[in-house]
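Next comes entry39.txt, with compact mmCIF, C-alpha atoms and all ligand atoms.
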```
# COMPACT_ATOMS: atom_id res chain seq x y z
CA MET A 1 47.21 -79.75 -66.02
CA LYS A 2 49.85 -81.15 -63.71
CA THR A 3 51.68 -78.98 -61.16
CA ARG A 4 53.37 -79.62 -57.82
CA ILE A 5 50.06 -78.55 -56.23
CA THR A 6 47.90 -81.10 -58.12
CA GLU A 7 50.47 -83.78 -57.24
CA MET A 8 50.71 -82.79 -53.58
CA PHE A 9 46.96 -82.82 -52.95
CA GLY A 10 45.99 -85.56 -55.40
CA ILE A 11 43.60 -83.31 -57.33
CA GLU A 12 42.80 -83.07 -61.03
CA HIS A 13 42.89 -79.27 -61.44
CA PRO A 14 45.17 -76.73 -59.68
CA ILE A 15 42.26 -74.87 -58.09
CA ILE A 16 41.60 -74.56 -54.36
CA GLN A 17 38.55 -73.15 -52.58
CA GLY A 18 39.78 -71.11 -49.62
CA GLY A 19 38.22 -71.58 -46.21
CA MET A 20 35.27 -69.22 -45.75
CA HIS A 21 33.37 -68.58 -42.54
CA TYR A 22 29.74 -69.78 -42.84
CA VAL A 23 30.32 -70.73 -46.51
CA GLY A 24 32.80 -73.60 -46.21
CA PHE A 25 30.32 -76.25 -45.14
CA ALA A 26 30.48 -79.84 -46.38
CA GLU A 27 28.24 -78.97 -49.38
CA MET A 28 30.71 -76.34 -50.64
CA ALA A 29 33.84 -78.45 -50.12
CA ALA A 30 32.30 -81.55 -51.70
CA ALA A 31 31.08 -79.63 -54.77
CA VAL A 32 34.56 -78.20 -55.42
CA SER A 33 36.28 -81.53 -54.82
CA ASN A 34 33.80 -83.40 -57.01
CA ALA A 35 34.62 -80.89 -59.76
CA GLY A 36 38.32 -81.79 -59.51
CA GLY A 37 39.54 -78.95 -57.27
CA LEU A 38 40.35 -78.99 -53.56
CA GLY A 39 37.31 -78.08 -51.47
CA ILE A 40 37.88 -76.81 -47.95
CA ILE A 41 35.64 -77.04 -44.86
CA THR A 42 36.02 -74.06 -42.52
CA GLY A 43 37.00 -75.44 -39.11
CA LEU A 44 36.03 -72.47 -36.97
CA THR A 45 32.53 -72.24 -38.44
CA GLN A 46 31.92 -75.63 -36.83
CA GLY A 47 33.65 -74.39 -33.69
CA THR A 48 33.84 -77.62 -31.67
CA PRO A 49 35.78 -80.83 -32.43
CA GLU A 50 32.55 -82.85 -32.35
CA LYS A 51 30.80 -80.64 -34.89
CA LEU A 52 33.87 -80.56 -37.12
CA ALA A 53 34.13 -84.37 -36.99
CA ASN A 54 30.48 -84.53 -38.05
CA GLU A 55 31.01 -82.06 -40.91
CA ILE A 56 34.02 -84.07 -42.16
CA ALA A 57 31.88 -87.23 -42.07
CA ARG A 58 29.09 -85.45 -44.00
CA CYS A 59 31.60 -84.31 -46.62
CA LYS A 60 32.88 -87.88 -46.99
CA ASP A 61 29.31 -88.97 -47.70
CA MET A 62 29.18 -86.44 -50.56
CA THR A 63 32.59 -87.02 -52.20
CA ASP A 64 35.25 -89.68 -52.46
CA LYS A 65 37.76 -87.06 -53.68
CA PRO A 66 40.33 -85.33 -51.46
CA PHE A 67 39.15 -82.29 -49.50
CA GLY A 68 40.72 -80.18 -46.78
CA VAL A 69 39.92 -78.24 -43.61
CA ASN A 70 40.81 -74.59 -42.90
CA LEU A 71 42.15 -73.72 -39.47
CA THR A 72 42.24 -69.96 -38.91
CA PHE A 73 44.19 -68.40 -36.07
CA LEU A 74 42.72 -64.91 -35.75
CA PRO A 75 41.74 -62.82 -32.78
CA THR A 76 38.35 -64.29 -31.91
CA VAL A 77 36.05 -63.40 -29.06
CA ASN A 78 36.24 -66.90 -27.47
CA SER A 79 39.33 -69.01 -28.16
CA PRO A 80 38.42 -72.30 -29.86
CA ASP A 81 39.67 -75.76 -28.79
CA TYR A 82 42.50 -75.96 -31.36
CA PRO A 83 44.00 -79.26 -30.10
CA GLY A 84 40.55 -80.84 -30.34
CA LEU A 85 39.99 -79.47 -33.85
CA VAL A 86 43.41 -80.84 -34.93
CA ARG A 87 42.44 -84.25 -33.52
CA ALA A 88 39.12 -84.18 -35.38
CA ILE A 89 40.93 -83.45 -38.67
CA ILE A 90 43.49 -86.22 -38.21
CA GLU A 91 41.01 -88.80 -36.90
CA GLY A 92 38.64 -87.87 -39.73
CA GLY A 93 41.30 -88.96 -42.22
CA VAL A 94 41.56 -85.51 -43.86
CA LYS A 95 44.85 -85.20 -45.75
CA ALA A 96 44.98 -81.45 -46.46
CA VAL A 97 44.83 -78.47 -44.11
CA GLU A 98 44.81 -74.77 -44.98
CA THR A 99 46.13 -72.74 -42.06
CA ALA A 100 45.75 -68.96 -41.93
CA GLY A 101 45.88 -65.91 -39.71
CA ASN A 102 48.95 -66.71 -37.65
CA ASN A 103 52.05 -68.92 -37.49
CA PRO A 104 50.87 -72.57 -37.51
CA ALA A 105 54.07 -73.92 -35.87
CA GLN A 106 52.20 -75.34 -32.87
CA VAL A 107 49.90 -77.58 -34.91
CA LEU A 108 52.39 -78.54 -37.62
CA PRO A 109 54.09 -81.52 -35.87
CA TYR A 110 50.72 -83.28 -35.38
CA PHE A 111 49.82 -82.89 -39.07
CA LYS A 112 53.31 -83.95 -40.21
CA ASP A 113 53.12 -87.13 -38.10
CA ALA A 114 49.72 -87.95 -39.58
CA GLY A 115 50.83 -87.32 -43.19
CA VAL A 116 48.54 -84.30 -43.58
CA LYS A 117 49.77 -81.74 -46.13
CA VAL A 118 49.66 -78.16 -44.84
CA ILE A 119 49.20 -75.14 -47.09
CA HIS A 120 49.62 -71.91 -45.14
CA LYS A 121 47.81 -68.82 -46.42
CA CYS A 122 49.71 -65.60 -45.90
CA THR A 123 49.89 -62.11 -47.27
CA SER A 124 53.62 -61.38 -47.46
CA VAL A 125 56.88 -62.83 -48.71
CA ARG A 126 58.37 -62.83 -45.21
CA HIS A 127 55.48 -64.86 -43.80
CA SER A 128 55.70 -67.23 -46.78
CA LEU A 129 59.39 -67.78 -46.07
CA LYS A 130 58.60 -68.35 -42.40
CA ALA A 131 56.00 -70.95 -43.38
CA GLN A 132 58.56 -72.68 -45.58
CA SER A 133 61.20 -72.63 -42.81
CA ILE A 134 58.91 -74.25 -40.22
CA GLY A 135 57.99 -77.06 -42.61
CA CYS A 136 54.73 -76.10 -44.35
CA ASP A 137 54.30 -78.05 -47.60
CA ALA A 138 52.96 -75.16 -49.68
CA VAL A 139 51.82 -71.56 -49.39
CA SER A 140 48.73 -69.71 -50.56
CA VAL A 141 49.97 -66.20 -51.35
CA ASP A 142 47.10 -63.81 -50.68
CA GLY A 143 47.38 -60.41 -52.40
CA PHE A 144 45.91 -57.06 -51.33
CA GLU A 145 42.92 -57.62 -53.66
CA CYS A 146 41.66 -60.55 -51.61
CA GLY A 147 38.38 -60.87 -49.78
CA GLY A 148 38.91 -61.29 -46.04
CA HIS A 149 42.14 -60.32 -44.30
CA PRO A 150 44.79 -58.91 -46.67
CA GLY A 151 47.25 -58.05 -43.86
CA GLU A 152 48.75 -54.61 -43.47
CA ASP A 153 51.34 -54.43 -46.28
CA ASP A 154 48.94 -53.71 -49.18
CA ILE A 155 50.97 -55.46 -51.88
CA PRO A 156 48.86 -56.53 -54.89
CA ASN A 157 49.44 -59.85 -56.63
CA MET A 158 51.22 -58.40 -59.70
CA ILE A 159 54.13 -57.70 -57.33
CA LEU A 160 53.56 -60.24 -54.57
CA LEU A 161 53.45 -63.36 -56.75
CA PRO A 162 56.70 -62.82 -58.67
CA ARG A 163 58.35 -61.78 -55.37
CA ALA A 164 57.18 -65.04 -53.81
CA ALA A 165 58.43 -66.98 -56.85
CA ASP A 166 61.86 -65.37 -56.50
CA GLU A 167 62.20 -66.43 -52.87
CA LEU A 168 60.28 -69.68 -52.28
CA ASP A 169 61.34 -73.26 -52.94
CA ILE A 170 58.03 -74.87 -51.91
CA PRO A 171 55.12 -74.57 -54.34
CA PHE A 172 52.54 -71.82 -53.92
CA VAL A 173 49.13 -70.91 -55.26
CA ALA A 174 47.95 -67.40 -56.11
CA SER A 175 45.10 -66.14 -53.94
CA GLY A 176 43.08 -62.94 -54.05
CA GLY A 177 41.36 -61.56 -57.13
CA MET A 178 41.21 -64.92 -58.92
CA ALA A 179 38.07 -65.60 -60.95
CA ASP A 180 38.71 -67.21 -64.31
CA ALA A 181 41.17 -68.73 -66.80
CA ARG A 182 42.96 -65.40 -67.18
CA SER A 183 43.64 -65.39 -63.44
CA LEU A 184 44.99 -68.93 -63.58
CA VAL A 185 47.24 -68.47 -66.62
CA ALA A 186 48.60 -65.14 -65.31
CA SER A 187 49.32 -66.74 -61.93
CA LEU A 188 51.15 -69.62 -63.58
CA ALA A 189 53.18 -67.09 -65.58
CA MET A 190 54.17 -65.33 -62.37
CA GLY A 191 55.42 -68.53 -60.77
CA ALA A 192 52.39 -69.93 -58.94
CA GLU A 193 51.35 -73.57 -59.47
CA GLY A 194 47.65 -73.06 -59.04
CA MET A 195 45.10 -70.63 -57.66
CA ASN A 196 42.92 -70.24 -54.60
CA MET A 197 39.49 -68.62 -54.91
CA GLY A 198 37.14 -67.40 -52.22
CA THR A 199 34.54 -64.89 -53.43
CA ARG A 200 34.15 -66.61 -56.85
CA PHE A 201 33.08 -69.87 -55.20
CA ILE A 202 30.35 -68.14 -53.14
CA ALA A 203 28.56 -67.24 -56.39
CA THR A 204 28.03 -70.87 -57.40
CA LYS A 205 24.86 -72.98 -57.39
CA GLU A 206 26.12 -75.31 -54.67
CA ALA A 207 27.44 -72.66 -52.25
CA PRO A 208 25.28 -73.19 -49.14
CA VAL A 209 24.46 -69.51 -48.61
CA HIS A 210 21.34 -67.39 -49.07
CA GLU A 211 20.55 -66.35 -52.66
CA ASN A 212 20.85 -62.68 -51.57
CA VAL A 213 24.58 -63.19 -50.97
CA LYS A 214 25.15 -64.62 -54.46
CA LYS A 215 23.07 -61.82 -56.02
CA ALA A 216 25.03 -59.17 -54.06
CA ILE A 217 28.31 -60.51 -55.45
CA VAL A 218 26.99 -60.58 -59.02
CA ALA A 219 25.62 -57.03 -58.63
CA ALA A 220 28.83 -55.64 -57.10
CA SER A 221 31.60 -53.98 -59.09
CA GLU A 222 35.31 -53.86 -58.29
CA LEU A 223 34.65 -50.50 -56.62
CA ASP A 224 32.30 -51.87 -53.98
CA THR A 225 34.64 -53.28 -51.34
CA ARG A 226 35.98 -51.40 -48.33
CA LEU A 227 38.79 -52.00 -45.86
CA VAL A 228 37.59 -52.08 -42.26
CA MET A 229 39.39 -52.51 -38.91
CA ARG A 230 42.66 -51.03 -40.20
CA PRO A 231 43.06 -48.95 -37.00
CA LEU A 232 43.00 -52.26 -35.07
CA ARG A 233 45.63 -53.80 -37.39
CA ASN A 234 43.09 -56.48 -38.26
CA THR A 235 42.22 -55.17 -41.72
CA GLU A 236 39.38 -56.93 -43.52
CA ARG A 237 38.15 -56.39 -47.07
CA VAL A 238 34.34 -56.46 -47.07
CA LEU A 239 31.47 -55.60 -49.37
CA THR A 240 30.10 -52.18 -48.58
CA ASN A 241 26.62 -51.86 -47.06
CA GLU A 242 24.87 -49.69 -44.43
CA ALA A 243 26.65 -51.38 -41.52
CA VAL A 244 30.07 -51.03 -43.17
CA GLU A 245 29.58 -47.31 -43.86
CA ARG A 246 28.48 -46.84 -40.21
CA LEU A 247 31.57 -48.73 -39.07
CA LEU A 248 33.85 -46.57 -41.22
CA GLU A 249 32.20 -43.44 -39.83
CA LYS A 250 33.05 -44.66 -36.30
CA GLU A 251 36.64 -45.31 -37.40
CA ARG A 252 36.89 -41.77 -38.74
CA ALA A 253 35.33 -40.24 -35.64
CA LEU A 254 37.31 -42.20 -33.04
CA GLY A 255 40.65 -42.31 -34.87
CA ALA A 256 43.41 -43.91 -32.80
CA ASP A 257 41.01 -44.33 -29.86
CA LEU A 258 38.93 -46.95 -31.70
CA LYS A 259 38.49 -50.20 -29.80
CA PHE A 260 36.96 -53.49 -30.89
CA GLU A 261 34.03 -52.91 -28.53
CA ASP A 262 33.12 -49.78 -30.52
CA ILE A 263 32.37 -51.78 -33.67
CA ILE A 264 31.24 -55.07 -32.15
CA GLU A 265 27.69 -54.54 -33.43
CA GLU A 266 28.91 -54.36 -37.04
CA VAL A 267 31.35 -57.31 -36.93
CA ALA A 268 30.65 -59.82 -34.17
CA GLY A 269 28.33 -62.73 -34.86
CA VAL A 270 26.98 -61.27 -38.12
CA TYR A 271 27.94 -64.14 -40.46
CA PRO A 272 24.96 -66.45 -39.77
CA ARG A 273 22.56 -63.55 -40.31
CA ILE A 274 24.14 -62.68 -43.64
CA MET A 275 25.11 -66.06 -45.06
CA SER A 276 22.18 -68.13 -43.79
CA GLU A 277 19.35 -65.60 -43.48
CA GLY A 278 20.34 -63.24 -46.33
CA ASP A 279 20.11 -60.11 -44.16
CA MET A 280 22.58 -58.17 -46.32
CA ASP A 281 22.86 -55.13 -44.04
CA ALA A 282 23.46 -57.10 -40.83
CA GLY A 283 27.16 -56.30 -40.72
CA ALA A 284 30.55 -56.52 -42.41
CA TRP A 285 31.24 -59.63 -44.47
CA SER A 286 34.38 -60.52 -46.42
CA CYS A 287 34.28 -60.05 -50.18
CA GLY A 288 37.05 -59.53 -52.73
CA MET A 289 37.49 -56.85 -55.39
CA VAL A 290 37.09 -59.79 -57.75
CA ALA A 291 33.31 -59.31 -57.37
CA GLY A 292 33.78 -56.98 -60.37
CA LEU A 293 34.66 -60.03 -62.50
CA ILE A 294 31.76 -62.21 -61.32
CA ASN A 295 28.64 -62.03 -63.46
CA ASP A 296 27.02 -65.45 -63.16
CA ILE A 297 26.14 -68.26 -60.77
CA PRO A 298 27.40 -71.49 -62.38
CA THR A 299 27.80 -74.91 -60.77
CA CYS A 300 31.28 -75.60 -59.41
CA LYS A 301 31.81 -78.09 -62.22
CA GLU A 302 30.76 -75.57 -64.90
CA LEU A 303 33.05 -72.99 -63.33
CA ILE A 304 36.12 -75.22 -63.02
CA ASP A 305 35.66 -77.01 -66.37
CA GLY A 306 35.23 -73.62 -68.05
CA ILE A 307 38.38 -72.25 -66.43
CA MET A 308 40.47 -75.27 -67.45
CA ALA A 309 39.16 -75.32 -71.02
CA GLU A 310 39.76 -71.60 -71.51
CA ALA A 311 43.18 -71.80 -69.85
CA GLU A 312 44.20 -74.31 -72.47
CA VAL A 313 43.05 -71.99 -75.26
CA LEU A 314 44.89 -69.07 -73.66
CA ILE A 315 48.12 -71.01 -73.39
CA ARG A 316 48.04 -72.92 -76.68
CA GLN A 317 46.50 -70.22 -78.88
CA ARG A 318 46.75 -66.72 -77.44
CA LEU A 319 50.19 -67.01 -75.83
CA ALA A 320 51.77 -69.43 -78.30
CA GLY A 321 50.21 -67.35 -81.10
CA PHE A 322 52.31 -64.33 -80.17
CA LEU A 323 55.43 -66.42 -80.79
CA ASP A 324 54.24 -68.30 -83.87
CA SER A 325 53.32 -65.13 -85.73
C1 LIG B 1 32.99 -64.62 -47.02
C2 LIG B 1 34.44 -64.97 -46.83
C3 LIG B 1 34.84 -65.57 -45.64
C4 LIG B 1 36.17 -65.92 -45.44
N1 LIG B 1 36.52 -66.57 -44.29
C5 LIG B 1 37.81 -67.00 -44.13
C6 LIG B 1 38.18 -67.76 -42.99
O1 LIG B 1 37.37 -68.02 -42.11
N2 LIG B 1 39.46 -68.18 -42.90
C7 LIG B 1 40.39 -67.91 -43.88
O2 LIG B 1 41.53 -68.35 -43.77
N3 LIG B 1 40.06 -67.18 -44.97
C8 LIG B 1 38.80 -66.74 -45.12
N4 LIG B 1 38.46 -66.04 -46.25
C9 LIG B 1 39.48 -65.79 -47.30
C10 LIG B 1 39.41 -66.84 -48.42
O3 LIG B 1 39.75 -68.12 -47.96
C11 LIG B 1 40.36 -66.48 -49.56
O4 LIG B 1 41.70 -66.43 -49.09
C12 LIG B 1 40.02 -65.15 -50.20
O5 LIG B 1 38.63 -65.06 -50.37
C13 LIG B 1 40.73 -65.00 -51.53
O6 LIG B 1 40.38 -63.81 -52.15
P1 LIG B 1 39.18 -63.68 -53.24
O7 LIG B 1 37.95 -63.54 -52.44
O8 LIG B 1 39.56 -62.48 -54.00
O9 LIG B 1 39.19 -64.94 -54.04
C14 LIG B 1 37.14 -65.65 -46.46
C15 LIG B 1 36.72 -65.02 -47.63
C16 LIG B 1 35.40 -64.68 -47.84
C17 LIG B 1 35.02 -64.01 -49.12
```
Translate the structure described by the file into structure tokens.
Amino acid sequence: MKTRITEMFGIEHPIIQGGMHYVGFAEMAAAVSNAGGLGIITGLTQGTPEKLANEIARCKDMTDKPFGVNLTFLPTVNSPDYPGLVRAIIEGGVKAVETAGNNPAQVLPYFKDAGVKVIHKCTSVRHSLKAQSIGCDAVSVDGFECGGHPGEDDIPNMILLPRAADELDIPFVASGGMADARSLVASLAMGAEGMNMGTRFIATKEAPVHENVKKAIVAASELDTRLVMRPLRNTERVLTNEAVERLLEKERALGADLKFEDIIEEVAGVYPRIMSEGDMDAGAWSCGMVAGLINDIPTCKELIDGIMAEAEVLIRQRLAGFLDS
């Protein structure tokens, strides 16, 4: 399948693995890229330019296919060395960057000069248009369903994707709630030129996370996510657990008086304990509603090959069949 996204990133299939904190290590990115998609290393999980440079080098040892790095601009407790991380990406020869969380205007000129393609992930049409106007090459349009930070507008992809298609000139991928060939074909129908998946890629053999995390995603239904930190306008979709229910109770009790310090125990520094140690009640971790569509733990190649094969059947048989008959 050829789209402006496969052409732009030099990949075989129009499938991207979104940056994921404590999941997007070299092993994850290389497995997705080796399967013909675009794997993404999560820059902030590495934290320092030196560690990121090392992770990029490790990924290059595992794949000769293109892969990218995610740079997230979110409120973090200690501000990372962004100029250093940008340097590590460029000097590492990475040709694709996924930015997210805030306007990437400050880093864009450096990537442009180095020939790095930038896909900005955002949750609204107005932010997508802003990304286009400042020179981003593509957008990842992240609907309300998504795992992680869906923004504050709460527009699901059935509306958001066609709205983006009506307004954007640059290509975009559909993100949030994507799991299978149906997701891909529907996204293409709504104007996207590929799809970005987060949660689905965690439940794969190669994802470098504890087995408990994969099992939790397989066990979860579409009813099992919650929105936390809405009172702080930093909404995050997470899988429910004891810590999340405690956090929500604090939100209810404190109302408009809630401060980040009140919930620090449930959100700060919990990712290594969950992703690496498998302590599933350690705190709030991002997970999409799409967990309800995830029932197995395939390899990345099985997952992507299966999606592409079934997408062809959907397009050539199911959809064309409606017309032929
Ligand atoms: C565990 C987890 C961690 C994530 N961490 C980040 C991150 O650090 N930066 C980012 O831009 N997006 C992050 N995301 C969002 C994903 O890149 C992707 O946009 C999202 O998962 C898409 O929705 P889906 O989970 O329904 O596929 C994360 C998602 C998950 C599930």
Restricting the calculation to all atoms listed in the file: of A:Cys136, A:Leu168, A:Leu303, A:Leu160, which residue gets closest to Lys205 of chain A? A:Leu303
Distance in Å - atom CA of Ile263 of chain A versus atom CA of Gly198 of chain A: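 These two atoms are separated by 24.7 Å.
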Exercise: segment 227-244 of chain A partners within 8 Å, all atoms listed in the file, chain neighbours under 5 positions left out, as a compact mmCIF listing (two decimals) with C-alpha atoms, in the frame of the given file:
```txt
# COMPACT_ATOMS: atom_id res chain seq x y z
CA CYS A 146 41.66 -60.55 -51.61
CA GLY A 147 38.38 -60.87 -49.78
CA GLY A 148 38.91 -61.29 -46.04
CA HIS A 149 42.14 -60.32 -44.30
CA PRO A 150 44.79 -58.91 -46.67
CA GLY A 151 47.25 -58.05 -43.86
CA GLU A 152 48.75 -54.61 -43.47
CA GLU A 251 36.64 -45.31 -37.40
CA GLY A 255 40.65 -42.31 -34.87
CA ALA A 256 43.41 -43.91 -32.80
CA LEU A 258 38.93 -46.95 -31.70
CA LYS A 259 38.49 -50.20 -29.80
CA PHE A 260 36.96 -53.49 -30.89
CA GLU A 266 28.91 -54.36 -37.04
CA MET A 280 22.58 -58.17 -46.32
CA ASP A 281 22.86 -55.13 -44.04
CA ALA A 282 23.46 -57.10 -40.83
CA GLY A 283 27.16 -56.30 -40.72
CA ALA A 284 30.55 -56.52 -42.41
CA TRP A 285 31.24 -59.63 -44.47
CA SER A 286 34.38 -60.52 -46.42
CA CYS A 287 34.28 -60.05 -50.18
CA GLY A 288 37.05 -59.53 -52.73
```
Using 6 Å of padding on each side, determine the axis-aligned box around all atoms of ligand LIG 1 (chain B) present in the file and give its centre and edge lengths in Å to one decimal, as AutoDock Vina command-line options.
```
--center_x 37.3 --center_y -65.4 --center_z -48.1 --size_x 20.7 --size_y 17.9 --size_z 23.9
```
With distances taken over only C-alpha atoms and all ligand atoms, the candidate from A:Tyr110, A:Phe67, A:Tyr82, A:Phe144 nearest ligand LIG 1 (chain B) is A:Phe144
Find the residues near segment 19-33 of chain A: any atom within 7 Å, counting only C-alpha atoms, skip ones fewer than 3 places away on the same chain, and give them as a PyMOL selection string. chain A and resi 36-42+45+55-56+58-59+62-63+65-67+70+198+206-209+271-272+275+300
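Non-sequential neighbours of segment 212-223 of chain A (distance at most 7 Å, separation of 6 or more positions within a chain, all atoms listed in the file) are Ile202, Ala203, Met275, Gly278, Met289, Val290, Ala291, Gly292, Ile294, Asn295 and Asp296 of chain A.
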With C-alpha atoms retained, could you export that selection as a PDB file, in the frame of the given file?
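Output contents, as saved in result-v4.pdb:
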```pdb
ATOM      1  CA  ILE A 202      30.350 -68.140 -53.140  1.00  0.00           C
ATOM      2  CA  ALA A 203      28.560 -67.240 -56.390  1.00  0.00           C
ATOM      3  CA  MET A 275      25.110 -66.060 -45.060  1.00  0.00           C
ATOM      4  CA  GLY A 278      20.340 -63.240 -46.330  1.00  0.00           C
ATOM      5  CA  MET A 289      37.490 -56.850 -55.390  1.00  0.00           C
ATOM      6  CA  VAL A 290      37.090 -59.790 -57.750  1.00  0.00           C
ATOM      7  CA  ALA A 291      33.310 -59.310 -57.370  1.00  0.00           C
ATOM      8  CA  GLY A 292      33.780 -56.980 -60.370  1.00  0.00           C
ATOM      9  CA  ILE A 294      31.760 -62.210 -61.320  1.00  0.00           C
ATOM     10  CA  ASN A 295      28.640 -62.030 -63.460  1.00  0.00           C
ATOM     11  CA  ASP A 296      27.020 -65.450 -63.160  1.00  0.00           C
TER      12      ASP A 296
END
```
Could you give me, as a list of chain:residue names, the residues within 6 Å of Pro49 of chain A, counting all atoms listed in the file and dropping anything in the same chain fewer than 6 positions from it?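 Answer for this query is A:Gly84, A:Leu85, A:Ala88.
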Just the number, please: distance in Å from atom CA of Phe111 of chain A to atom CA of Pro83 of chain A, one decimal. 11.3 Å
